[in-house]
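File shown: my_file_22.csv. Contents: CSV, C-alpha atoms.
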chain,number,residue,atom,x,y,z
Y,1,MET,CA,1.9,21.8,25.5
Y,2,PRO,CA,-1.6,20.9,24.1
Y,3,GLY,CA,-2.3,18.5,21.3
Y,4,VAL,CA,-1.8,14.8,20.3
Y,5,PHE,CA,1.5,13.2,21.2
Y,6,SER,CA,2.5,16.3,23.3
Y,7,GLN,CA,3.3,14.0,26.3
Y,8,LEU,CA,5.6,11.6,24.4
Y,9,ASP,CA,9.3,11.7,24.7
Y,10,LEU,CA,10.3,11.9,21.0
Y,11,THR,CA,14.1,12.0,21.5
Y,12,PRO,CA,16.0,9.2,19.7
Y,13,ASN,CA,16.0,6.0,21.8
Y,14,ARG,CA,19.1,4.2,23.0
Y,15,LEU,CA,19.0,1.6,20.2
Y,16,THR,CA,18.7,4.3,17.5
Y,17,LEU,CA,21.7,6.2,18.9
Y,18,ALA,CA,23.7,3.0,19.2
Y,19,ARG,CA,22.8,1.8,15.7
Y,20,ASP,CA,23.7,5.2,14.1
Y,21,ALA,CA,27.0,5.3,16.0
Y,22,ARG,CA,27.9,1.7,14.9
Y,23,ALA,CA,26.9,2.5,11.3
Y,24,ALA,CA,29.2,5.5,11.3
Y,25,GLN,CA,32.1,3.0,12.0
Y,26,GLY,CA,31.1,1.1,8.8
Y,27,ASP,CA,30.5,-2.6,8.2
Y,28,LEU,CA,27.1,-2.8,9.9
Y,29,ILE,CA,24.5,-5.3,8.5
Y,30,ASP,CA,21.0,-4.0,9.0
Y,31,LEU,CA,18.5,-6.8,9.0
Y,32,THR,CA,15.4,-4.7,9.8
Y,33,SER,CA,14.5,-3.0,6.5
Y,34,SER,CA,10.9,-3.4,5.3
Y,35,ASN,CA,11.4,-0.8,2.5
Y,36,PRO,CA,11.8,-2.7,-0.8
Y,37,THR,CA,13.2,0.3,-2.6
Y,38,THR,CA,16.3,0.3,-0.4
Y,39,GLN,CA,16.8,-3.4,-1.0
Y,40,GLY,CA,17.0,-3.3,-4.8
Y,41,LEU,CA,13.4,-4.2,-5.4
Y,42,ILE,CA,12.3,-1.6,-7.9
Y,43,PHE,CA,9.2,-2.1,-9.9
Y,44,PRO,CA,10.0,-2.1,-13.7
Y,45,ALA,CA,10.3,1.5,-14.7
Y,46,GLU,CA,9.3,0.8,-18.3
Y,47,ILE,CA,5.9,-0.5,-17.2
Y,48,LEU,CA,5.3,2.6,-15.0
Y,49,ALA,CA,6.4,5.0,-17.8
Y,50,ALA,CA,4.2,3.4,-20.4
Y,51,ALA,CA,1.2,3.4,-18.2
Y,52,ALA,CA,1.7,6.9,-17.0
Y,53,ALA,CA,2.1,8.3,-20.6
Y,54,SER,CA,-1.6,7.8,-21.3
Y,55,TYR,CA,-2.5,9.6,-18.1
Y,56,TRP,CA,-0.5,12.8,-19.0
Y,57,SER,CA,-2.0,13.0,-22.4
Y,58,THR,CA,-5.6,12.6,-21.2
Y,59,ARG,CA,-5.3,14.2,-17.8
Y,60,CYS,CA,-8.6,15.5,-16.3
Y,61,TYR,CA,-9.5,15.4,-12.7
Y,62,HIS,CA,-12.8,13.7,-11.8
Y,63,PRO,CA,-12.9,13.2,-8.1
Y,64,ASP,CA,-14.9,10.2,-6.9
Y,65,PRO,CA,-15.2,9.3,-3.2
Y,66,HIS,CA,-14.9,5.6,-4.1
Y,67,GLY,CA,-12.0,6.2,-6.5
Y,68,ASP,CA,-11.4,5.7,-10.2
Y,69,LEU,CA,-13.7,3.0,-11.6
Y,70,ALA,CA,-11.1,1.3,-13.7
Y,71,ALA,CA,-8.8,1.0,-10.7
Y,72,ARG,CA,-11.7,-0.4,-8.5
Y,73,THR,CA,-12.6,-2.9,-11.2
Y,74,ALA,CA,-9.0,-4.1,-11.2
Y,75,VAL,CA,-9.2,-4.6,-7.4
Y,76,VAL,CA,-12.4,-6.6,-7.9
Y,77,GLU,CA,-10.8,-8.8,-10.5
Y,78,TYR,CA,-7.8,-9.4,-8.2
Y,79,TYR,CA,-10.0,-10.7,-5.4
Y,80,ALA,CA,-11.9,-12.9,-7.9
Y,81,ARG,CA,-8.5,-14.6,-8.6
Y,82,ARG,CA,-7.7,-15.2,-5.0
Y,83,SER,CA,-8.1,-18.6,-3.3
Y,84,PRO,CA,-10.9,-18.8,-2.3
Y,85,PRO,CA,-12.3,-16.1,-4.5
Y,86,LEU,CA,-14.0,-13.1,-2.9
Y,87,VAL,CA,-16.9,-11.9,-5.0
Y,88,LEU,CA,-17.2,-8.1,-5.0
Y,89,GLN,CA,-18.7,-5.2,-7.0
Y,90,PRO,CA,-16.8,-2.0,-7.8
Y,91,ASP,CA,-18.8,0.0,-5.3
Y,92,ASP,CA,-17.5,-2.3,-2.6
Y,93,VAL,CA,-14.1,-0.8,-3.1
Y,94,PHE,CA,-12.8,2.5,-1.6
Y,95,LEU,CA,-9.4,3.8,-2.8
Y,96,THR,CA,-7.2,5.6,-0.2
Y,97,ALA,CA,-3.8,7.2,-0.1
Y,98,SER,CA,-2.5,4.2,2.0
Y,99,THR,CA,-3.5,1.5,4.4
Y,100,SER,CA,-2.6,3.9,7.2
Y,101,GLU,CA,-5.2,6.3,5.9
Y,102,ALA,CA,-7.6,3.4,5.5
Y,103,TYR,CA,-7.2,2.6,9.1
Y,104,SER,CA,-7.8,6.2,10.1
Y,105,LEU,CA,-11.0,6.3,8.1
Y,106,LEU,CA,-12.3,3.0,9.6
Y,107,PHE,CA,-11.5,4.1,13.1
Y,108,ALA,CA,-13.5,7.2,12.6
Y,109,LEU,CA,-16.3,5.2,10.9
Y,110,LEU,CA,-16.7,2.5,13.5
Y,111,ALA,CA,-15.8,4.1,16.9
Y,112,ASP,CA,-16.3,7.2,19.1
Y,113,PRO,CA,-13.7,8.6,21.5
Y,114,GLY,CA,-13.5,6.3,24.5
Y,115,ASP,CA,-14.5,3.2,22.6
Y,116,ASN,CA,-12.0,0.4,22.1
Y,117,LEU,CA,-10.5,-1.8,19.4
Y,118,LEU,CA,-9.0,-5.3,19.8
Y,119,VAL,CA,-5.5,-5.8,18.4
Y,120,PRO,CA,-3.0,-8.7,18.8
Y,121,ASN,CA,-0.6,-8.5,21.7
Y,122,VAL,CA,2.3,-8.9,19.2
Y,123,THR,CA,1.6,-6.0,16.8
Y,124,TYR,CA,3.1,-3.3,14.6
Y,125,PRO,CA,3.2,-0.1,16.6
Y,126,LEU,CA,1.2,1.9,14.0
Y,127,PHE,CA,-2.1,1.1,15.7
Y,128,GLU,CA,-1.1,2.9,18.9
Y,129,TYR,CA,-0.6,6.2,17.2
Y,130,LEU,CA,-3.6,6.0,14.9
Y,131,ALA,CA,-5.9,5.1,17.9
Y,132,ALA,CA,-4.5,8.1,19.8
Y,133,LEU,CA,-5.6,10.4,17.0
Y,134,ARG,CA,-9.2,9.4,17.8
Y,135,ASN,CA,-8.8,8.9,21.6
Y,136,LEU,CA,-9.5,5.2,21.3
Y,137,GLU,CA,-8.4,2.5,23.6
Y,138,LEU,CA,-6.5,-0.6,22.4
Y,139,ARG,CA,-7.3,-3.8,24.1
Y,140,PHE,CA,-5.1,-6.9,23.4
Y,141,TYR,CA,-5.9,-10.5,22.5
Y,142,GLN,CA,-3.2,-13.1,22.6
Y,143,LEU,CA,-1.3,-14.9,19.8
Y,144,ASP,CA,-0.1,-18.4,20.9
Y,145,GLU,CA,3.6,-18.9,19.9
Y,146,GLU,CA,3.4,-22.6,20.6
Y,147,ARG,CA,0.6,-22.8,18.0
Y,148,ASN,CA,2.5,-20.9,15.4
Y,149,TRP,CA,1.1,-17.6,16.7
Y,150,ARG,CA,-2.5,-18.5,16.1
Y,151,ILE,CA,-5.2,-16.3,17.6
Y,152,ASN,CA,-6.2,-17.4,21.1
Y,153,ALA,CA,-10.0,-17.4,20.9
Y,154,ARG,CA,-10.5,-17.4,24.7
Y,155,SER,CA,-8.4,-14.2,25.1
Y,156,LEU,CA,-10.3,-12.6,22.2
Y,157,ARG,CA,-13.6,-13.2,24.0
Y,158,ARG,CA,-12.2,-12.0,27.3
Y,159,ALA,CA,-11.0,-8.7,25.7
Y,160,VAL,CA,-14.4,-7.7,24.4
Y,161,ASP,CA,-16.7,-5.4,26.4
Y,162,GLU,CA,-19.7,-3.2,25.6
Y,163,ARG,CA,-17.5,-0.5,24.0
Y,164,THR,CA,-15.6,-2.8,21.7
Y,165,ARG,CA,-16.2,-1.6,18.1
Y,166,ALA,CA,-13.8,-3.6,15.9
Y,167,ILE,CA,-11.3,-6.4,15.9
Y,168,ILE,CA,-8.1,-5.9,13.9
Y,169,ILE,CA,-6.5,-9.0,12.4
Y,170,VAL,CA,-3.3,-8.9,10.3
Y,171,SER,CA,-2.9,-11.9,8.0
Y,172,PRO,CA,-0.1,-12.6,7.2
Y,173,HIS,CA,0.8,-11.1,10.5
Y,174,ASN,CA,3.6,-8.7,11.1
Y,175,PRO,CA,6.1,-9.8,12.4
Y,176,THR,CA,5.2,-13.5,13.2
Y,177,GLY,CA,3.9,-14.4,9.7
Y,178,ALA,CA,0.8,-16.2,11.0
Y,179,ILE,CA,-2.0,-16.6,8.5
Y,180,VAL,CA,-5.7,-17.1,9.3
Y,181,ASP,CA,-6.4,-20.0,7.0
Y,182,ALA,CA,-9.8,-21.2,8.3
Y,183,PRO,CA,-12.9,-19.6,9.8
Y,184,LEU,CA,-12.7,-18.6,13.4
Y,185,ALA,CA,-16.0,-19.5,15.1
Y,186,THR,CA,-15.4,-16.9,17.8
Y,187,LEU,CA,-15.5,-14.1,15.3
Y,188,ASP,CA,-19.0,-15.1,14.1
Y,189,LEU,CA,-20.1,-15.6,17.7
Y,190,LEU,CA,-19.0,-12.1,18.7
Y,191,GLY,CA,-20.5,-10.5,15.6
Y,192,ILE,CA,-18.2,-7.4,15.9
Y,193,PRO,CA,-16.9,-5.8,12.7
Y,194,VAL,CA,-13.4,-7.0,11.7
Y,195,ILE,CA,-10.7,-5.0,9.9
Y,196,CYS,CA,-8.3,-7.4,8.2
Y,197,ASP,CA,-4.9,-6.1,7.0
Y,198,GLU,CA,-3.6,-8.4,4.3
Y,199,VAL,CA,-0.8,-6.2,2.8
Y,200,PHE,CA,1.6,-9.2,2.9
Y,201,ALA,CA,-0.9,-11.5,1.1
Y,202,PRO,CA,1.3,-12.7,-1.7
Y,203,PHE,CA,4.2,-13.5,0.6
Y,204,THR,CA,3.4,-17.1,1.7
Y,205,TYR,CA,6.0,-19.6,3.0
Y,206,ALA,CA,4.7,-22.5,5.0
Y,207,VAL,CA,1.3,-22.4,3.3
Y,208,SER,CA,0.3,-22.1,-0.4
Y,209,ASP,CA,-2.2,-19.2,-0.2
Y,210,THR,CA,-3.5,-16.4,2.0
Y,211,PRO,CA,-7.3,-16.7,2.0
Y,212,PRO,CA,-9.2,-13.4,2.1
Y,213,LEU,CA,-10.7,-13.4,5.6
Y,214,ALA,CA,-13.9,-11.9,4.1
Y,215,ALA,CA,-14.3,-15.1,2.0
Y,216,LEU,CA,-14.0,-17.2,5.2
Y,217,HIS,CA,-16.6,-15.1,7.1
Y,218,PRO,CA,-19.2,-14.1,4.5
Y,219,ASP,CA,-21.8,-13.3,7.2
Y,220,LEU,CA,-19.6,-11.0,9.3
Y,221,PRO,CA,-19.1,-7.3,8.6
Y,222,LEU,CA,-15.5,-7.3,7.3
Y,223,PHE,CA,-13.3,-4.6,5.9
Y,224,THR,CA,-10.2,-5.8,4.0
Y,225,LEU,CA,-7.2,-3.5,3.7
Y,226,ASN,CA,-4.4,-3.7,1.1
Y,227,GLY,CA,-2.4,-1.5,-1.2
Y,228,ILE,CA,0.5,-1.2,-3.6
Y,229,SER,CA,3.2,-0.5,-1.0
Y,230,LYS,CA,4.0,-4.1,-0.3
Y,231,LEU,CA,2.1,-5.8,-3.1
Y,232,PHE,CA,4.1,-4.1,-5.9
Y,233,ALA,CA,7.0,-2.5,-3.9
Y,234,LEU,CA,5.6,1.0,-4.5
Y,235,PRO,CA,5.4,2.7,-1.1
Y,236,ASP,CA,6.3,6.0,-2.7
Y,237,LEU,CA,3.2,6.0,-5.0
Y,238,LYS,CA,0.8,5.9,-2.1
Y,239,LEU,CA,-2.3,3.9,-2.9
Y,240,GLY,CA,-4.3,1.6,-0.8
Y,241,TRP,CA,-7.9,0.3,-0.6
Y,242,ILE,CA,-10.7,-0.8,1.7
Y,243,VAL,CA,-12.9,-3.6,0.5
Y,244,LEU,CA,-16.4,-4.1,2.0
Y,245,ASN,CA,-18.0,-7.5,2.0
Y,246,ARG,CA,-21.8,-7.9,1.7
Y,247,PRO,CA,-22.6,-7.4,5.5
Y,248,ALA,CA,-20.3,-4.4,5.6
Y,249,ARG,CA,-22.1,-2.5,2.8
Y,250,VAL,CA,-24.4,-0.9,5.4
Y,251,PHE,CA,-21.4,1.3,6.3
Y,252,ALA,CA,-20.8,2.4,2.7
Y,253,PRO,CA,-22.7,5.7,2.7
Y,254,ARG,CA,-20.8,7.0,5.7
Y,255,LEU,CA,-17.5,5.7,4.5
Y,256,GLU,CA,-18.2,7.4,1.2
Y,257,LEU,CA,-18.6,10.7,3.0
Y,258,LEU,CA,-15.5,10.2,5.0
Y,259,ASN,CA,-13.4,9.4,2.0
Y,260,ASP,CA,-14.9,12.3,0.1
Y,261,THR,CA,-13.8,14.5,2.9
Y,262,LEU,CA,-10.1,13.7,2.3
Y,263,LEU,CA,-9.9,12.4,-1.3
Y,264,GLY,CA,-6.4,11.2,-0.4
Y,265,ALA,CA,-5.7,8.8,-3.3
Y,266,ASN,CA,-3.9,10.6,-6.1
Y,267,ALA,CA,-5.2,10.3,-9.6
Y,268,LEU,CA,-1.9,9.1,-11.2
Y,269,SER,CA,-1.5,6.1,-8.9
Y,270,GLN,CA,-5.2,5.2,-9.5
Y,271,HIS,CA,-4.6,5.3,-13.2
Y,272,LEU,CA,-1.6,3.0,-12.9
Y,273,LEU,CA,-3.4,0.3,-10.9
Y,274,PRO,CA,-4.9,-1.7,-13.7
Y,275,THR,CA,-1.5,-1.9,-15.4
Y,276,LEU,CA,0.2,-3.0,-12.1
Y,277,PHE,CA,-2.2,-5.9,-11.8
Y,278,ALA,CA,-2.0,-6.8,-15.5
Y,279,GLN,CA,1.8,-6.6,-15.9
Y,280,GLY,CA,3.2,-6.8,-12.4
Y,281,GLU,CA,2.9,-10.5,-11.6
Y,282,THR,CA,6.4,-11.5,-12.7
Y,283,PHE,CA,7.9,-8.8,-10.5
Y,284,VAL,CA,5.7,-9.9,-7.5
Y,285,ARG,CA,6.8,-13.5,-8.0
Y,286,MET,CA,10.5,-12.4,-8.0
Y,287,MET,CA,10.0,-10.6,-4.7
Y,288,VAL,CA,8.2,-13.6,-3.2
Y,289,ASP,CA,11.0,-16.0,-4.4
Y,290,ARG,CA,13.6,-13.7,-2.8
Y,291,VAL,CA,11.9,-13.7,0.6
Y,292,ARG,CA,11.3,-17.5,0.5
Y,293,ALA,CA,15.0,-18.1,-0.4
Y,294,ASN,CA,16.1,-15.9,2.5
Y,295,LEU,CA,13.8,-17.5,5.0
Y,296,THR,CA,14.9,-20.9,3.9
Y,297,LEU,CA,18.6,-19.9,4.3
Y,298,ALA,CA,18.0,-18.6,7.8
Y,299,LEU,CA,15.9,-21.5,9.0
Y,300,GLN,CA,18.4,-24.0,7.7
Y,301,ARG,CA,21.3,-22.1,9.3
Y,302,PHE,CA,19.6,-21.7,12.6
Y,303,ALA,CA,18.2,-25.3,12.8
Y,304,ASP,CA,21.1,-26.6,14.9
Y,305,HIS,CA,21.7,-23.5,16.9
Y,306,PRO,CA,21.4,-24.0,20.6
Y,307,ARG,CA,19.9,-20.6,21.3
Y,308,ILE,CA,18.1,-19.4,18.2
Y,309,HIS,CA,14.7,-21.0,17.8
Y,310,ALA,CA,13.0,-20.0,14.6
Y,311,ARG,CA,9.7,-21.3,13.4
Y,312,PRO,CA,8.9,-21.4,9.7
Y,313,PRO,CA,6.4,-18.6,9.2
Y,314,ALA,CA,3.2,-19.2,7.3
Y,315,GLY,CA,3.8,-16.0,5.4
Y,316,GLY,CA,5.0,-12.4,5.5
Y,317,TYR,CA,8.6,-11.4,5.0
Y,318,TYR,CA,9.9,-11.5,8.6
Y,319,LEU,CA,11.4,-14.0,10.9
Y,320,PHE,CA,10.7,-13.7,14.6
Y,321,PRO,CA,12.9,-16.2,16.4
Y,322,ALA,CA,13.0,-16.7,20.2
Y,323,ILE,CA,16.4,-16.4,21.8
Y,324,ASP,CA,17.5,-18.5,24.8
Y,325,GLY,CA,19.9,-17.2,27.4
Y,326,TRP,CA,18.9,-13.6,27.3
Y,327,ALA,CA,16.3,-11.9,29.5
Y,328,ASP,CA,16.8,-8.3,28.3
Y,329,GLU,CA,16.1,-7.8,24.6
Y,330,GLU,CA,17.7,-4.3,24.6
Y,331,ARG,CA,20.9,-5.6,26.0
Y,332,LEU,CA,20.8,-8.4,23.4
Y,333,VAL,CA,20.4,-6.0,20.5
Y,334,LEU,CA,23.2,-3.8,21.8
Y,335,TYR,CA,25.4,-6.8,22.1
Y,336,LEU,CA,24.6,-7.8,18.5
Y,337,LEU,CA,25.3,-4.2,17.3
Y,338,GLU,CA,28.8,-4.5,18.8
Y,339,ARG,CA,29.2,-7.5,16.5
Y,340,GLY,CA,28.1,-5.7,13.4
Y,341,VAL,CA,24.5,-6.8,13.0
Y,342,PHE,CA,21.3,-4.9,13.7
Y,343,VAL,CA,17.9,-6.5,14.5
Y,344,HIS,CA,14.7,-5.3,16.2
Y,345,PRO,CA,14.0,-6.4,19.7
Y,346,GLY,CA,10.7,-8.2,20.3
Y,347,TYR,CA,9.4,-5.4,22.6
Y,348,PHE,CA,9.2,-3.1,19.5
Y,349,TYR,CA,6.0,-5.2,18.8
Y,350,GLY,CA,4.4,-5.2,22.2
Y,351,GLU,CA,4.6,-7.2,25.4
Y,352,VAL,CA,5.8,-10.4,23.8
Y,353,PRO,CA,6.6,-13.2,26.4
Y,354,GLY,CA,10.2,-14.4,26.3
Y,355,CYS,CA,13.0,-12.9,24.3
Y,356,HIS,CA,12.7,-12.4,20.5
Y,357,ILE,CA,14.3,-10.6,17.7
Y,358,MET,CA,13.0,-9.6,14.3
Y,359,LEU,CA,14.8,-9.8,11.0
Y,360,SER,CA,13.5,-9.0,7.5
Y,361,ALA,CA,13.9,-11.5,4.8
Y,362,LEU,CA,13.3,-8.7,2.3
Y,363,THR,CA,16.9,-7.8,2.7
Y,364,GLU,CA,19.2,-8.1,-0.3
Y,365,PRO,CA,20.3,-11.8,-0.3
Y,366,THR,CA,24.1,-11.4,-0.1
Y,367,THR,CA,23.7,-8.9,2.8
Y,368,PHE,CA,21.1,-11.1,4.4
Y,369,ALA,CA,23.4,-14.2,4.3
Y,370,VAL,CA,26.2,-12.3,5.9
Y,371,GLY,CA,23.9,-11.0,8.6
Y,372,VAL,CA,22.6,-14.5,9.4
Y,373,GLU,CA,26.2,-15.7,9.8
Y,374,ARG,CA,27.0,-12.9,12.2
Y,375,LEU,CA,23.9,-13.7,14.2
Y,376,TYR,CA,24.8,-17.4,14.3
Y,377,ALA,CA,28.3,-16.7,15.5
Y,378,ALA,CA,27.4,-14.0,18.0
Y,379,LEU,CA,24.9,-16.1,19.8
Y,380,ILE,CA,26.6,-19.5,19.7

Produce structure tokens that represent the structure in this file.
Amino acid sequence: MPGVFSQLDLTPNRLTLARDARAAQGDLIDLTSSNPTTQGLIFPAEILAAAAASYWSTRCYHPDPHGDLAARTAVVEYYARRSPPLVLQPDDVFLTASTSEAYSLLFALLADPGDNLLVPNVTYPLFEYLAALRNLELRFYQLDEERNWRINARSLRRAVDERTRAIIIVSPHNPTGAIVDAPLATLDLLGIPVICDEVFAPFTYAVSDTPPLAALHPDLPLFTLNGISKLFALPDLKLGWIVLNRPARVFAPRLELLNDTLLGANALSQHLLPTLFAQGETFVRMMVDRVRANLTLALQRFADHPRIHARPPAGGYYLFPAIDGWADEERLVLYLLERGVFVHPGYFYGEVPGCHIMLSALTEPTTFAVGVERLYAALI
């Protein structure tokens, strides 16, 4: 069969089948959810309704390859409030349907089939599929667990070759929570364009802020990705953005053409964006407080556990503990399923040394607490 993904086995994997079978029995605690809308985190409907009302009464479609000016201005003002601030102009912003679409646009912008992109060895599996759409190779650089999952600069340099077109950095990182909080000399030395995904930016834990990487590297071509899916718990309204810093502006004309080809960002979500920034801060703070409280609960509970070794993440909303006494992560997850709790194995996120599991601190707090207790008891 021709076409992309035609060689993949798309039948449900063993863990999915086991999870579904255990869920059918009832009383399963799922600690893997990254969907805020299933965890009771619903952006205030009254704010959305009031903001949408003016759209319906003045509706007129004016397609713009950059996106709606008022929405882009709101993004510019958001970055001006960050620490440190990132100074932008509205034309530095491109609105997209999502960060996934933003990645696709940038992969097409920066690389030809056969070129390669550098990604962390512990990584969300999305990149594999998006790279396949463009016939691009992924090459891996290492994150050092003993240094709180910081980027290993030597492995970054070793991964580069003459066909490397971009370096992808996720900060806060999914699932380790690592945040790049200082300039990385290796990035400036290499001079390769960087794509920084900061969709978890407001979710800090062990540090106070997520610095925009483009503000730390003002002389490096850098594309910053974000959107309303995580920031405002609105994955269903589908709006993301790409921000270009000054050195990246040379790519703007071609990115404008690419975005104009798709025009994926819907007009209603663009219209809502200024209101989301203006009135959504209280809701965002509530989400951040929930995640922090859940992380604190888990870290305190696991602190004296002989097998669960959890490091306080710098940010994000996941915990990625190492587990002693198990060599097979799939067997471990199946064992935990039998005891009524579901987590992701570390291998879902790449070839991670050792044995790890992932749990989401976005989970509703009472459910999360019960799941943590089941993990503790099952692994003692």

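Proximity to Y:Ala298 was assessed for Y:Thr363, Y:Ser57, Y:Asn13, Y:Thr99 counting only C-alpha atoms; the smallest distance is recorded for Y:Thr363.
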
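Comparing Y:Thr16, Y:Thr367, Y:Gln300, Y:Gln270 by their smallest distance to Y:Asp64, the closest is Y:Gln270 (using all atoms listed in the file).
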
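Using all atoms listed in the file, the nearest neighbour of Y:Ala378 within the list Y:Pro125, Y:Gly340, Y:Pro274, Y:Pro120 is Y:Gly340.
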
Show me, as a compact mmCIF listing (two decimals) with C-alpha atoms, in the coordinates of the input, the residues that have an atom within 10 Å of stretch 84-96 of chain Y when counting all atoms listed in the file, minus same-chain residues fewer than 4 positions from it.
# COMPACT_ATOMS: atom_id res chain seq x y z
CA ASP Y 64 -14.90 10.20 -6.90
CA PRO Y 65 -15.20 9.30 -3.20
CA HIS Y 66 -14.90 5.60 -4.10
CA GLY Y 67 -12.00 6.20 -6.50
CA ASP Y 68 -11.40 5.70 -10.20
CA LEU Y 69 -13.70 3.00 -11.60
CA ALA Y 70 -11.10 1.30 -13.70
CA ALA Y 71 -8.80 1.00 -10.70
CA ARG Y 72 -11.70 -0.40 -8.50
CA THR Y 73 -12.60 -2.90 -11.20
CA ALA Y 74 -9.00 -4.10 -11.20
CA VAL Y 75 -9.20 -4.60 -7.40
CA VAL Y 76 -12.40 -6.60 -7.90
CA GLU Y 77 -10.80 -8.80 -10.50
CA TYR Y 78 -7.80 -9.40 -8.20
CA TYR Y 79 -10.00 -10.70 -5.40
CA ALA Y 80 -11.90 -12.90 -7.90
CA SER Y 100 -2.60 3.90 7.20
CA GLU Y 101 -5.20 6.30 5.90
CA ALA Y 102 -7.60 3.40 5.50
CA TYR Y 103 -7.20 2.60 9.10
CA LEU Y 105 -11.00 6.30 8.10
CA ASP Y 209 -2.20 -19.20 -0.20
CA THR Y 210 -3.50 -16.40 2.00
CA PRO Y 211 -7.30 -16.70 2.00
CA PRO Y 212 -9.20 -13.40 2.10
CA LEU Y 213 -10.70 -13.40 5.60
CA ALA Y 214 -13.90 -11.90 4.10
CA ALA Y 215 -14.30 -15.10 2.00
CA LEU Y 216 -14.00 -17.20 5.20
CA PRO Y 218 -19.20 -14.10 4.50
CA PHE Y 223 -13.30 -4.60 5.90
CA THR Y 224 -10.20 -5.80 4.00
CA LEU Y 225 -7.20 -3.50 3.70
CA ASN Y 226 -4.40 -3.70 1.10
CA GLY Y 227 -2.40 -1.50 -1.20
CA LYS Y 238 0.80 5.90 -2.10
CA LEU Y 239 -2.30 3.90 -2.90
CA GLY Y 240 -4.30 1.60 -0.80
CA TRP Y 241 -7.90 0.30 -0.60
CA ILE Y 242 -10.70 -0.80 1.70
CA VAL Y 243 -12.90 -3.60 0.50
CA LEU Y 244 -16.40 -4.10 2.00
CA ASN Y 245 -18.00 -7.50 2.00
CA ARG Y 246 -21.80 -7.90 1.70
CA ALA Y 248 -20.30 -4.40 5.60
CA ARG Y 249 -22.10 -2.50 2.80
CA ALA Y 252 -20.80 2.40 2.70
CA LEU Y 255 -17.50 5.70 4.50
CA GLU Y 256 -18.20 7.40 1.20
CA ASN Y 259 -13.40 9.40 2.00
CA LEU Y 262 -10.10 13.70 2.30
CA LEU Y 263 -9.90 12.40 -1.30
CA GLY Y 264 -6.40 11.20 -0.40
CA ALA Y 265 -5.70 8.80 -3.30
CA ASN Y 266 -3.90 10.60 -6.10
CA GLN Y 270 -5.20 5.20 -9.50

For this session: Tell me, as a list in words, which residues lie within 9 Å of Y:Leu109, counting all atoms listed in the file; anything in the same chain fewer than 2 positions away does not count.
Result: Ser104, Leu105, Leu106, Phe107, Ala111, Asp112, Phe251, Arg254, Leu255 and Leu258 of chain Y

Contacts of stretch 130-213 of chain Y with stretch 32-48 of chain Y up to 12 Å, shortest pair per row, only C-alpha atoms, as JSON lines:
{"residue": "Y:Asn174", "atom": "CA", "partner": "Y:Ser34", "partner_atom": "CA", "distance": 10.7}
{"residue": "Y:Pro175", "atom": "CA", "partner": "Y:Ser34", "partner_atom": "CA", "distance": 10.7}
{"residue": "Y:Phe200", "atom": "CA", "partner": "Y:Ser34", "partner_atom": "CA", "distance": 11.2}

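For the residues Y:Cys60, Y:Leu126, Y:Ala51, Y:Ala185, ranking by smallest atom-to-atom distance to Y:Gly280 using only C-alpha atoms places Y:Ala51 first.
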
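Each of Y:Ala153, Y:Leu272, Y:Leu379, Y:Val341 was checked against Y:Ala322 using all atoms listed in the file; the smallest atom-to-atom distance is that of Y:Leu379.
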
Problem set entry | Which residue of Y:Phe342, Y:Phe5, Y:Phe302, Y:Trp326 approaches Y:Glu373 most closely, using all atoms listed in the file | Y:Phe302

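Atom CA of Y:His173 to atom CA of Y:Val122 spans 9.1 Å [interatomic distance, one decimal].
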
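Going from atom CA of Y:Val180 over to atom CA of Y:Ala314, you cover 9.4 Å.
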
For this session: Using only C-alpha atoms, determine which residues lie at most 9 Å from Y:Ile357, disregarding the query and same-chain residues fewer than 3 positions distant; provide the list as an MDAnalysis selection string.
Result: chainID Y and resid 319:323 329 332:333 343:347

Exercise. Which value, in Å to one decimal, gives the distance between atom CA of Y:Leu359 and atom CA of Y:Tyr318?
Worked result: 5.7 Å

Would you list the contacts of Y:Leu231 as a PDB file with C-alpha atoms, in the frame of the given file, taking every protein, DNA or RNA residue within 9 Å and counting only C-alpha atoms, but skipping same-chain residues closer than 3 positions in sequence?
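Printed below is selection.pdb as written:
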ATOM      1  CA  VAL Y 199      -0.800  -6.200   2.800  1.00  0.00           C
ATOM      2  CA  PHE Y 200       1.600  -9.200   2.900  1.00  0.00           C
ATOM      3  CA  ALA Y 201      -0.900 -11.500   1.100  1.00  0.00           C
ATOM      4  CA  PRO Y 202       1.300 -12.700  -1.700  1.00  0.00           C
ATOM      5  CA  PHE Y 203       4.200 -13.500   0.600  1.00  0.00           C
ATOM      6  CA  ASN Y 226      -4.400  -3.700   1.100  1.00  0.00           C
ATOM      7  CA  GLY Y 227      -2.400  -1.500  -1.200  1.00  0.00           C
ATOM      8  CA  ILE Y 228       0.500  -1.200  -3.600  1.00  0.00           C
ATOM      9  CA  LEU Y 234       5.600   1.000  -4.500  1.00  0.00           C
ATOM     10  CA  VAL Y 284       5.700  -9.900  -7.500  1.00  0.00           C
TER      11      VAL Y 284
END
